[in-house]
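Colleague: First, the structure itself, so that you have it in front of you.
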Amino acid sequence: MSAPILKCTPTKWSLAVLGNASILCGYVSVRAYRVSGSVAMRNRNTFLVAGLLVVAAVIYLIVSSTGTTAQFFVTVAELQAMGEEALGRNITVSGAVLGETIVYDAMLPQVTFTIVEVPADPDEVEAAGGLAQVLHDATLDPTRSRLEIVYNSVKPDLLTNEAQAIVRGTLGEDGRFIADELLLKCPSRYEDEVPAQVVD
């Protein structure tokens, strides 16, 4: 006569076996179930912790990068009023170019020039006769705040007297503004290119 066969599954077992063998089989099945459940719970906890760490890292990067790359848009007078607070900050400043201050060194290349305070409020600019008039008046007013710009690149064609310069960069300890970007607008040039309206 052959020995009884012991059948075990993870969830149930056969009682048609000898003595304590059925109890042993049941214990092994339940133990296996508990271990697999414990592993699943551990994996879930690990996933949640990893997810929280990723979210925390992203938030930290956003906050830290915002602090270092935030742009401040100021006028020349506002920049000078900031004093040491402006040092090392990324700043955008705008002003009218003084043509006689433009110095270009093609060997470096480097161009230096001075900009003069102009109002930042569009309504104030409009009330003063438009941007071209505001830029013209600024270059003739010796009492307005001035700022020397250093731009380490080739001299742009639009860098001329009374052009509007919008520069982005940092203020040096020597009071000169080191420009990383230079945007120029010459309103008088554009006005000359616009044809007069036809009046019937």
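The way I read the labels, and the way they are meant: chains A, B, ... in the order of the structure tokens, residue 1 as the first residue of every chain, and ligand 1 as the first ligand shown, with later ones counted on from there.
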Which neighbours of Lys155 (chain A) fall inside 9 Å, counting only C-alpha atoms, when residues of the same chain fewer than 6 positions from it are skipped, and could you give them as a compact mmCIF listing (two decimals) with N, CA and C atoms, in the first residue's frame?

Modeller:
```
# COMPACT_ATOMS: atom_id res chain seq x y z
N TYR A 104 34.64 101.12 -27.86
CA TYR A 104 34.66 99.74 -28.34
C TYR A 104 36.08 99.27 -28.56
N ASP A 105 36.40 98.12 -27.95
CA ASP A 105 37.69 97.48 -28.14
C ASP A 105 37.46 96.18 -28.91
N ALA A 106 37.75 96.20 -30.20
CA ALA A 106 37.48 95.05 -31.06
C ALA A 106 38.40 93.88 -30.77
N PRO A 109 36.60 91.04 -27.63
CA PRO A 109 35.96 92.33 -27.86
C PRO A 109 35.20 92.77 -26.61
N GLN A 110 35.09 94.10 -26.45
CA GLN A 110 34.36 94.66 -25.31
C GLN A 110 33.88 96.06 -25.67
N VAL A 111 32.68 96.36 -25.25
CA VAL A 111 32.14 97.69 -25.45
C VAL A 111 31.65 98.23 -24.11
```

Colleague: As a PyMOL selection string, which residues of region 106-198 of chain A does DSSP assign to strand (DSSP E or B)?

Modeller: chain A and resi 110-116+146-151+164-171+177-185

Colleague: Write out as a PyMOL selection string the residues lying within 12 Å of Gly175 (chain A), counting only C-alpha atoms and excluding same-chain residues fewer than 2 positions away.

Modeller: chain A and resi 76+79-84+86-88+114+146-150+170-173+177-178

Colleague: Quick one: distance from CA of Thr75 (chain A) to CA of Thr92 (chain A) in Å, one decimal?

Modeller: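 Interatomic distance, CA of Thr75 (chain A) to CA of Thr92 (chain A): 8.4 Å.
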
Colleague: Run DSSP on the backbone and give me the residues of region 60-197 of chain A it puts in alpha helix (DSSP H), as a ChimeraX atom specification.

Modeller: /A:60-69,76-82,122-127,131-140,187-193

Colleague: Using only N, CA and C atoms, please write the residues we just selected to a file, as a short mmCIF file (atom, residue, chain, number, x, y, z; two decimals), in the first residue's frame.

Modeller:
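So the final result, stored in out.cif, reads:
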```
data_model
loop_
_atom_site.label_atom_id
_atom_site.label_comp_id
_atom_site.auth_asym_id
_atom_site.auth_seq_id
_atom_site.Cartn_x
_atom_site.Cartn_y
_atom_site.Cartn_z
N TYR A 60 12.97 71.65 -3.29
CA TYR A 60 14.22 72.31 -2.89
C TYR A 60 14.90 72.97 -4.10
N LEU A 61 14.95 72.25 -5.22
CA LEU A 61 15.60 72.79 -6.42
C LEU A 61 14.86 74.02 -6.94
N ILE A 62 13.54 73.97 -6.90
CA ILE A 62 12.75 75.12 -7.38
C ILE A 62 13.00 76.34 -6.51
N VAL A 63 12.94 76.13 -5.19
CA VAL A 63 13.13 77.25 -4.26
C VAL A 63 14.54 77.82 -4.36
N SER A 64 15.54 76.95 -4.40
CA SER A 64 16.93 77.43 -4.43
C SER A 64 17.25 78.11 -5.75
N SER A 65 16.75 77.56 -6.87
CA SER A 65 17.04 78.18 -8.16
C SER A 65 16.31 79.50 -8.32
N THR A 66 15.10 79.61 -7.75
CA THR A 66 14.37 80.87 -7.82
C THR A 66 15.12 81.96 -7.08
N GLY A 67 15.73 81.62 -5.98
CA GLY A 67 16.47 82.61 -5.21
C GLY A 67 17.69 83.12 -5.93
N THR A 68 18.32 82.29 -6.74
CA THR A 68 19.57 82.70 -7.39
C THR A 68 19.36 83.27 -8.78
N THR A 69 18.24 82.93 -9.42
CA THR A 69 18.05 83.38 -10.80
C THR A 69 16.90 84.37 -10.97
N VAL A 76 17.68 103.01 -13.42
CA VAL A 76 19.05 103.31 -13.00
C VAL A 76 19.06 103.86 -11.57
N ALA A 77 18.14 104.78 -11.27
CA ALA A 77 18.08 105.38 -9.93
C ALA A 77 17.74 104.33 -8.88
N GLU A 78 16.82 103.42 -9.19
CA GLU A 78 16.44 102.37 -8.24
C GLU A 78 17.61 101.43 -7.98
N LEU A 79 18.36 101.12 -9.03
CA LEU A 79 19.53 100.25 -8.87
C LEU A 79 20.56 100.89 -7.94
N GLN A 80 20.83 102.15 -8.14
CA GLN A 80 21.81 102.84 -7.31
C GLN A 80 21.32 102.99 -5.87
N ALA A 81 20.02 103.10 -5.69
CA ALA A 81 19.46 103.21 -4.34
C ALA A 81 19.55 101.88 -3.58
N MET A 82 19.65 100.78 -4.30
CA MET A 82 19.75 99.47 -3.65
C MET A 82 21.07 99.29 -2.93
N PRO A 122 4.94 103.19 -18.40
CA PRO A 122 4.52 103.49 -19.78
C PRO A 122 3.61 104.73 -19.87
N ASP A 123 2.76 104.94 -18.87
CA ASP A 123 1.88 106.10 -18.89
C ASP A 123 2.68 107.40 -18.78
N GLU A 124 3.73 107.35 -17.96
CA GLU A 124 4.60 108.53 -17.80
C GLU A 124 5.36 108.80 -19.09
N VAL A 125 5.80 107.73 -19.76
CA VAL A 125 6.50 107.89 -21.03
C VAL A 125 5.58 108.49 -22.08
N GLU A 126 4.34 108.00 -22.12
CA GLU A 126 3.37 108.51 -23.09
C GLU A 126 3.04 109.97 -22.83
N ALA A 127 2.90 110.31 -21.56
CA ALA A 127 2.57 111.70 -21.20
C ALA A 127 3.71 112.66 -21.54
N LEU A 131 8.35 107.45 -26.36
CA LEU A 131 9.67 106.93 -25.99
C LEU A 131 10.81 107.71 -26.63
N ALA A 132 10.68 108.06 -27.91
CA ALA A 132 11.75 108.78 -28.59
C ALA A 132 12.03 110.12 -27.90
N GLN A 133 10.99 110.83 -27.50
CA GLN A 133 11.15 112.12 -26.82
C GLN A 133 11.77 111.94 -25.44
N VAL A 134 11.34 110.89 -24.74
CA VAL A 134 11.86 110.62 -23.39
C VAL A 134 13.36 110.31 -23.45
N LEU A 135 13.76 109.50 -24.41
CA LEU A 135 15.17 109.15 -24.57
C LEU A 135 16.01 110.38 -24.93
N HIS A 136 15.47 111.21 -25.81
CA HIS A 136 16.17 112.44 -26.22
C HIS A 136 16.37 113.37 -25.03
N ASP A 137 15.29 113.59 -24.26
CA ASP A 137 15.36 114.48 -23.11
C ASP A 137 16.33 113.95 -22.05
N ALA A 138 16.36 112.63 -21.88
CA ALA A 138 17.23 112.03 -20.86
C ALA A 138 18.70 112.28 -21.15
N THR A 139 19.08 112.19 -22.43
CA THR A 139 20.49 112.38 -22.78
C THR A 139 20.95 113.83 -22.62
N LEU A 140 19.98 114.76 -22.58
CA LEU A 140 20.32 116.18 -22.44
C LEU A 140 20.27 116.67 -20.99
N PRO A 187 13.95 104.12 -31.24
CA PRO A 187 12.64 104.61 -31.69
C PRO A 187 12.71 105.60 -32.83
N SER A 188 13.69 106.52 -32.82
CA SER A 188 13.78 107.52 -33.88
C SER A 188 14.03 106.86 -35.23
N ARG A 189 14.81 105.77 -35.23
CA ARG A 189 15.09 105.05 -36.48
C ARG A 189 13.83 104.40 -37.01
N TYR A 190 13.04 103.81 -36.10
CA TYR A 190 11.81 103.17 -36.54
C TYR A 190 10.79 104.20 -37.03
N GLU A 191 10.76 105.36 -36.39
CA GLU A 191 9.82 106.40 -36.81
C GLU A 191 10.14 106.87 -38.22
N ASP A 192 11.44 106.95 -38.56
CA ASP A 192 11.83 107.37 -39.91
C ASP A 192 11.41 106.35 -40.95
N GLU A 193 11.36 105.05 -40.53
CA GLU A 193 11.03 104.00 -41.48
C GLU A 193 9.54 103.86 -41.70
#
```

Colleague: Smallest atom-to-atom distance to Asp157 (chain A): which of A:Ala128, A:Val118, A:Leu184, A:Ile91, using only C-alpha atoms?

Modeller: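 Checking each of A:Ala128, A:Val118, A:Leu184, A:Ile91 against Asp157 (chain A), counting only C-alpha atoms, the winner is A:Leu184.
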
Colleague: Do you know which residues are at most 6 Å from Glu117 (chain A) counting only C-alpha atoms, after dropping those on the same chain fewer than 4 positions away, and could you put them as a VMD selection string?

Modeller: chain A and resid 76 95 144 to 145

Colleague: With N, CA and C atoms retained, write the just-selected residues as a short mmCIF file (atom, residue, chain, number, x, y, z; two decimals), in the first residue's frame.

Modeller:
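Saved result, part06.cif, follows:
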```cif
data_model
loop_
_atom_site.label_atom_id
_atom_site.label_comp_id
_atom_site.auth_asym_id
_atom_site.auth_seq_id
_atom_site.Cartn_x
_atom_site.Cartn_y
_atom_site.Cartn_z
N VAL A 76 17.68 103.01 -13.42
CA VAL A 76 19.05 103.31 -13.00
C VAL A 76 19.06 103.86 -11.57
N GLY A 95 17.82 102.18 -19.81
CA GLY A 95 18.16 103.60 -19.85
C GLY A 95 18.47 104.06 -21.26
N ARG A 144 20.29 113.64 -14.24
CA ARG A 144 19.72 112.30 -14.10
C ARG A 144 20.79 111.27 -13.73
N SER A 145 20.33 110.23 -13.05
CA SER A 145 21.24 109.15 -12.64
C SER A 145 21.82 108.46 -13.87
#
```
